[in-house]
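Participant: A single structure is presented below for examination.
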Amino acid sequence: MTSAAVETHGLTRRFGAVTAVRDLSLRIETGEVFGLLGPNGSGKTTTIRMLCGLLEPSAGTASVAGIDVAAAPEQIKLRIGYMSQRFGLYEDLTVAENLAFYGGIYGLRGEAAERRTAEIVAFLEIGPRLGQLAGQLSGGWKQRLALGCALLHRPVVLFLDEPTAGVDPAARRNFWQAIHDLARAGTTVLVTTHYMDEAERCTRLAMMSGGHLIALGTPAEVAAQVGGGGRTLEDAFIILQERDER
Amino acid sequence: MMPRLWPMFVKEFIQMRRDRLTLMIVTGLPVLQLLLFGYAIQTDVRHLPTVVVDESRTPESRDLIAAFENTGSFTIIARLDGREALDRALARGTAAAGIIVPADYPRQLLRGQPATVQVVVDAADPLSSQSGLAAAAGVAQARNLAILSAAAGRAGPPLEARVRPRYNPGLRSATFIVPGLVGVLLTMTMVLITAMAIVRERERGTLEQLIVTPITKTELMLGKITPYIGVGLVQMTTVLLVGRVVFDVPLTGNLLLLYAVALIFVIASLSLGLFISTLVRTQQQSMQVSFFIVLPNILLSGFMFPRAAMPLFFQWVGLLLPLTHFLKVLRGILLKGVGVAALWPEIVILAAFAGGLIVLAVRRFRKTLD
C-alpha cells in the first residue's frame with residue numbers, strides 16, 4: 001500500500017453548539033482526484049479548511065502528505081495548494097503581479113521564478129491576460145489565475161473548494177482537463193463540487209450530509225449502493241441524503 | 001532572514017499606490033488640518049466684543065474705557081444706557097464682556113476713596129473669559145501703580161517683573177500647535193491605515209488565501225507596516241514645510257534627530273493600528289476603535305491642553321499614549337533646539353512602545369480563520 005496523501009481519523013469540528021463535521025475518517029491515495037460531494041452546509045468547506053490548517057479540529061486527527069495537521073500546520077503549507085470558494089487573490093493587482101507575489105511568498109527567486117511562472121502561464125494559457133487587473137477578469141479567468149497561484153510551488157496535494165462555481169461550461173471542461181493533467185503528473189487533488197458531471201470525473205467520491213459521510217467509493221460504486229441498474233449518481237445522491245435525514 | 005518580507009512589501013506598495021482614496025487622505029489631510037489648526041485655533045483670545053455702560057460720562061471715565069480698549073483684549077461694540085441692556089447683550093451673546101463705570105467714579109478718585117469699575121465677562125467659555133479677566137486686572141493694576149507712585153512722589157513703581165517668554169517669544173499659537181500637529185496627524189493616519197490592513201484582507205477573502213502559504217506572522221505584519229513608514233515621513237515633511245512657510249514656525253534643532261525619533265514613533269503608531277486590526281472583525285469596527293483611540297490622543301497628550309492642569313489620573317493615562325512622549329520630542333527639537341541629552345527618556349519610551357506593540361500585534365494574530 002502506498003502512503004496516503006490525506007488521512008483523517010474521527011475528524012470533528014464544532015462551532016459553538018453546531019457540529020459542522022462529525023467523526024470523518026477518510027484515506028486518499030496519492031494521485032487520486034477525490035471528490036467531496038454534498039449540499040451547502042454539509043461540512044465540505046470546513047473539512048478542507050481543517051486539512052489546510054485554516055481551522056483547528058475540535059477532535060480527531062488528520063495528516064496531509066504524511067504530516068500531522070495539528071502538530072505541524074506550517075510544514076504542511078509548503079506542500080499544499082489551496083483554492084478557496086471565494087476568489088482569494090488581489091483584485092487590485094494584475095494577473096502578473098498576483099503570480100509574482102505568490103511566487104515570492106512560496107520562495108521562488110530569480111530565474112527559477114521566471115521559469116516556473118512561464119510554465120504556469122503556458123499550462124493555463126493566461127498569457128494574454130497578464131497585464132490585466134485580476135478584479136476585471138471573468139469568473140473563468142479568475143479561476144485559472146487562482147489555480148495558477150496555487151500551483152506555483154508544485155504542491156503535492158491540491159485542495160479545490162468549489163472551483164467551478166460561477167464558471168461557464170466551456171471553462172469548466174478546460175479546468176477539469178487541467179486537473180486530470182495534474183493528477184497524471186502525480187498531484188493528489190481533493191475537490192468539492194455540486195455538479196454531478198464533475199463528480200463523475202473523480203476517481204473516488206465521498207458524499208457528505210449534515211457533517212458526516214454517507215457514501216464512499218468510485219462513482220460507479222456509489223451509484224450501486226442504491227441498487228445500481230439505471231440509477232445515476234444524482235439519483236444515488238438524492239436517495240442517500242433522504243435516507244440520512246430520516 | 002525573513003525571505004517573504006520583500007514580496008509582501010512590494011505587494012503592499014503597489015496596492016497603496018493604486019488606492020487613490022487612501023493616498024488622498026494621506027497627502028491632502030495634513031495640509032488641510034494644518035491650515036485649519038494653524039488659522040482657526042488661537043488660544044490667545046483677543047478683541048472680545050464688549051459693551052460699555054458709562055454712567056459718569058466724564059473725561060476720567062472715557063480715559064478709563066480707552067485704557068481697557070488699548071489692551072487689545074476688548075473691542076467696544078456699543079455704548080449702552082442701562083445695566084439691563086448690558087445683561088441682555090451678554091445673554092444674547094452679542095457681547096462677551098461688559099464694562100460699567102458708576103456715576104461716582106471721578107468723585108471717588110478725587111476724594112482718594114476706592115473707586116470701582118465693574119467688568120462682567122461671559123464665563124460660559126472659560127478660555128476666552130480668562131484673558132478678559134486678566135486684561136481687566138492688568139488695567140486696574142497699572143492705574144493703581146500710577147496713582148500710588150504719583151502720590152508717593154516716585155518716578156515709577158518700586159518693583160517691576162521683567163518677563164521673558166522663551167522659545168516662543170511672540171506667544172503665538174501656531175508656534176505651539178504646528179509641531180504638535182505633526183504628532184497628531186501621524187497618529188491619526190498611521191493608526192487608521194494599519195487598523196484597516198488585516199481586517200480588509202479578511203473581509204475581501206484574500207487573507208484566507210494568504211495564510212495557507214508558508215508566510216510567517218512576522219513577515220506578514222512587517223510587510224504591512226513598512227510601505228507606510230515612508231508615507232509617515234513624507235507627511236511629517238509636508239507639515240513642517242507648510243508650517244515653516246505659512247506660519248513661520250521655527251525649525252531650531254537637529255532635524256536628523258527629529259526624523260530618527262519620528263521613525264520610531266511612526267512604527268509605534270503603525271503597530272498600534274495593526275494590533276487593533278487583529279482585535280476587530282470588520283473595517284467599520286476598526287474605524288470606530290481608531291477614533292476611540294485618536295480622541296484621547298488629542299485631549300490628553302498635551303497637544304492643546306496643558307497636561308499639568310489635568311488631574312493626576314489623567315496625567316498617568318496620558319503617559320500611556322506614545323503621542324505624549326513624541327510631543328515632548330517635537331517641541332524640544334523644533335522650538336528649544338535640545339538634543340539626545342535632554343530627550344533620551346522619551347526616545348527610550350517610544351522605542352519600547354514600538355517594539356512592544358509590534359510583538360503584541362504579531363502574538364495576537366492567528367494564521368487561522370477562527
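If you're wondering about the labels, chains in the C-alpha cells are A, B, ... by order shown, residues count from 1 in each chain, ligands from 1 in order shown.
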Neighbours of Ala118 in chain A within 12 Å (only C-alpha atoms; same-chain residues fewer than 4 positions away dropped), as a PyMOL selection string?

Facilitator: chain A and resi 96+99-100+103+111-114+122-127+130+148+152

Participant: Could you give me, as number ranges by chain, the residues within 10 Å of Asp23 in chain A, counting only C-alpha atoms and dropping anything in the same chain fewer than 2 positions from it?

Facilitator: A: 8-13, 19, 21, 25-26, 59-61, 211-213

Participant: Take the residues just selected and output them with C-alpha atoms as a PDB file, in the first residue's frame.

Facilitator:
```pdb
ATOM      1  CA  THR A   8      -8.245  11.530   8.708  1.00  0.00           C
ATOM      2  CA  HIS A   9      -9.493   9.656  11.765  1.00  0.00           C
ATOM      3  CA  GLY A  10     -12.615  10.776  13.586  1.00  0.00           C
ATOM      4  CA  LEU A  11     -12.093  14.352  12.360  1.00  0.00           C
ATOM      5  CA  THR A  12     -14.632  16.617  14.052  1.00  0.00           C
ATOM      6  CA  ARG A  13     -15.208  20.348  14.134  1.00  0.00           C
ATOM      7  CA  THR A  19     -21.170  20.318  14.713  1.00  0.00           C
ATOM      8  CA  VAL A  21     -18.039  17.976  10.647  1.00  0.00           C
ATOM      9  CA  SER A  25     -12.485   9.176   8.564  1.00  0.00           C
ATOM     10  CA  LEU A  26     -11.006   9.206   5.073  1.00  0.00           C
ATOM     11  CA  ALA A  59     -11.409  16.290  17.814  1.00  0.00           C
ATOM     12  CA  GLY A  60      -9.782  13.575  15.740  1.00  0.00           C
ATOM     13  CA  THR A  61      -6.608  13.652  13.687  1.00  0.00           C
ATOM     14  CA  GLY A 211     -21.365  16.945   8.569  1.00  0.00           C
ATOM     15  CA  HIS A 212     -20.750  13.235   8.133  1.00  0.00           C
ATOM     16  CA  LEU A 213     -20.011  10.684   5.472  1.00  0.00           C
TER      17      LEU A 213
END
```

Participant: Taking only C-alpha atoms into account, find every residue of chain A that has an atom no more than 6 Å from chain B, and write it out as a ChimeraX atom specification.

Facilitator: /A:54-55,77-78,88-89,101,104-105

Participant: Could you write out that same residue set with N, CA and C atoms as a tab-separated table (two decimals), in the first residue's frame?

Facilitator:
```tsv
chain	number	residue	atom	x	y	z
A	54	LEU	N	-6.41	25.92	8.21
A	54	LEU	CA	-7.12	27.19	8.41
A	54	LEU	C	-8.04	27.13	9.62
A	55	LEU	N	-8.48	25.92	9.97
A	55	LEU	CA	-9.31	25.75	11.15
A	55	LEU	C	-8.70	24.61	11.97
A	77	LYS	N	2.05	23.69	4.79
A	77	LYS	CA	1.69	24.77	3.86
A	77	LYS	C	2.57	24.84	2.61
A	78	LEU	N	3.81	24.34	2.71
A	78	LEU	CA	4.67	24.33	1.52
A	78	LEU	C	4.27	23.22	0.57
A	88	GLY	N	-9.76	34.50	-3.92
A	88	GLY	CA	-8.95	34.96	-2.80
A	88	GLY	C	-7.71	35.74	-3.19
A	89	LEU	N	-7.60	36.11	-4.48
A	89	LEU	CA	-6.41	36.85	-4.89
A	89	LEU	C	-6.71	38.35	-4.87
A	101	PHE	N	3.69	37.82	-6.74
A	101	PHE	CA	3.56	37.87	-5.28
A	101	PHE	C	3.56	36.45	-4.69
A	104	GLY	N	6.85	34.75	-4.94
A	104	GLY	CA	7.77	35.24	-3.92
A	104	GLY	C	7.46	34.66	-2.55
A	105	ILE	N	6.17	34.60	-2.23
A	105	ILE	CA	5.76	34.06	-0.92
A	105	ILE	C	6.13	32.59	-0.81
```

Participant: Within 7 Å of Leu357 in chain B, counting only C-alpha atoms, which residues qualify if same-chain residues fewer than 6 places away don't, as a ChimeraX atom specification?

Facilitator: /B:268,271-272

Participant: By how many Å are CA of Tyr82 in chain A and CA of Ala150 in chain A apart?

Facilitator: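 Computing the Euclidean distance for CA of Tyr82 in chain A and CA of Ala150 in chain A yields 5.7 Å.
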
Participant: CA of Leu86 in chain B and CA of Leu110 in chain B are how many Å apart?

Facilitator: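 It comes out at 27.4 Å.
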
Participant: Mind checking which residues fall within 6 Å of range 281-298 of chain B, counting only C-alpha atoms, ignoring those fewer than 4 positions away in the same chain, and posting them as a ChimeraX atom specification?

Facilitator: /B:192,195-196,199,303

Participant: Using only C-alpha atoms, which residues sit within 12 Å of Ala361 in chain B once same-chain residues fewer than 6 positions away are excluded, as a ChimeraX atom specification?

Facilitator: /B:194-195,198,217-218,220-222,224-225,268-279,353-355

Participant: Would you kindly return, as a PyMOL selection string, each protein, DNA or RNA residue with an atom no farther than 12 Å from any atom of range 192-198 of chain A, considering only C-alpha atoms and excluding same-chain residues fewer than 2 positions away?

Facilitator: chain A and resi 33-49+82-85+158-167+169+172-177+179-180+189-190+200-208+219+223+232-238

Participant: What is the distance between CA of Tyr102 in chain A and CA of Met24 in chain B, in Å to one decimal?

Facilitator: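 Between these atoms lies a distance of 28.7 Å.
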
Participant: For Leu127 in chain B, which residue among B:Val178, B:Val139, B:Ala152, B:Leu48 is the nearest when counting only C-alpha atoms?

Facilitator: B:Leu48

Participant: Write out as a list in words all residues of range 6-254 of chain B that backbone DSSP assigns to strand (DSSP E).

Facilitator: Leu48, Pro49, Thr50, Val51, Val52, Val53, Asp54, Phe74, Thr75, Ile76, Ile77, Ala78, Arg79, Leu80, Ala97, Gly98, Ile99, Ile100, Val101, Gln118, Val119, Val120 and Val121 of chain B

Participant: Using only N, CA and C atoms, please write the residues we just selected to a file, as a short mmCIF file (atom, residue, chain, number, x, y, z; two decimals), in the first residue's frame.

Facilitator:
```cif
data_model
loop_
_atom_site.label_atom_id
_atom_site.label_comp_id
_atom_site.auth_asym_id
_atom_site.auth_seq_id
_atom_site.Cartn_x
_atom_site.Cartn_y
_atom_site.Cartn_z
N LEU B 48 -12.32 90.76 22.47
CA LEU B 48 -13.63 90.34 22.95
C LEU B 48 -14.64 91.44 22.62
N PRO B 49 -15.77 91.11 21.99
CA PRO B 49 -16.78 92.13 21.73
C PRO B 49 -17.35 92.64 23.06
N THR B 50 -17.24 93.92 23.29
CA THR B 50 -17.52 94.47 24.61
C THR B 50 -18.55 95.61 24.52
N VAL B 51 -19.48 95.62 25.47
CA VAL B 51 -20.42 96.74 25.56
C VAL B 51 -20.08 97.56 26.81
N VAL B 52 -20.35 98.86 26.76
CA VAL B 52 -19.97 99.76 27.85
C VAL B 52 -21.20 100.49 28.36
N VAL B 53 -21.33 100.57 29.69
CA VAL B 53 -22.34 101.44 30.30
C VAL B 53 -21.59 102.50 31.09
N ASP B 54 -21.51 103.69 30.54
CA ASP B 54 -20.76 104.78 31.19
C ASP B 54 -21.76 105.70 31.88
N PHE B 74 -10.21 93.96 24.50
CA PHE B 74 -11.62 94.37 24.40
C PHE B 74 -11.83 95.23 23.16
N THR B 75 -12.90 94.94 22.43
CA THR B 75 -13.29 95.81 21.33
C THR B 75 -14.69 96.32 21.64
N ILE B 76 -14.79 97.64 21.84
CA ILE B 76 -16.09 98.22 22.21
C ILE B 76 -17.01 98.18 21.00
N ILE B 77 -18.11 97.48 21.13
CA ILE B 77 -19.04 97.40 20.00
C ILE B 77 -20.26 98.30 20.21
N ALA B 78 -20.54 98.68 21.47
CA ALA B 78 -21.71 99.53 21.69
C ALA B 78 -21.61 100.22 23.04
N ARG B 79 -22.16 101.40 23.12
CA ARG B 79 -22.30 102.09 24.40
C ARG B 79 -23.78 102.05 24.76
N LEU B 80 -24.09 101.49 25.90
CA LEU B 80 -25.49 101.28 26.26
C LEU B 80 -25.88 102.22 27.40
N ALA B 97 -18.22 90.65 26.86
CA ALA B 97 -17.79 91.35 28.07
C ALA B 97 -18.55 92.67 28.16
N GLY B 98 -18.68 93.17 29.40
CA GLY B 98 -19.32 94.46 29.61
C GLY B 98 -18.55 95.25 30.65
N ILE B 99 -18.44 96.57 30.44
CA ILE B 99 -17.73 97.43 31.39
C ILE B 99 -18.73 98.45 31.92
N ILE B 100 -18.84 98.56 33.24
CA ILE B 100 -19.76 99.52 33.84
C ILE B 100 -18.95 100.50 34.68
N VAL B 101 -19.03 101.77 34.31
CA VAL B 101 -18.36 102.80 35.11
C VAL B 101 -19.46 103.55 35.88
N GLN B 118 -16.86 98.08 37.16
CA GLN B 118 -17.29 96.69 37.10
C GLN B 118 -17.01 96.11 35.72
N VAL B 119 -16.38 94.94 35.71
CA VAL B 119 -16.18 94.25 34.43
C VAL B 119 -16.92 92.91 34.49
N VAL B 120 -17.86 92.73 33.60
CA VAL B 120 -18.64 91.49 33.55
C VAL B 120 -18.18 90.70 32.34
N VAL B 121 -17.91 89.41 32.58
CA VAL B 121 -17.41 88.58 31.47
C VAL B 121 -18.29 87.36 31.31
#
```
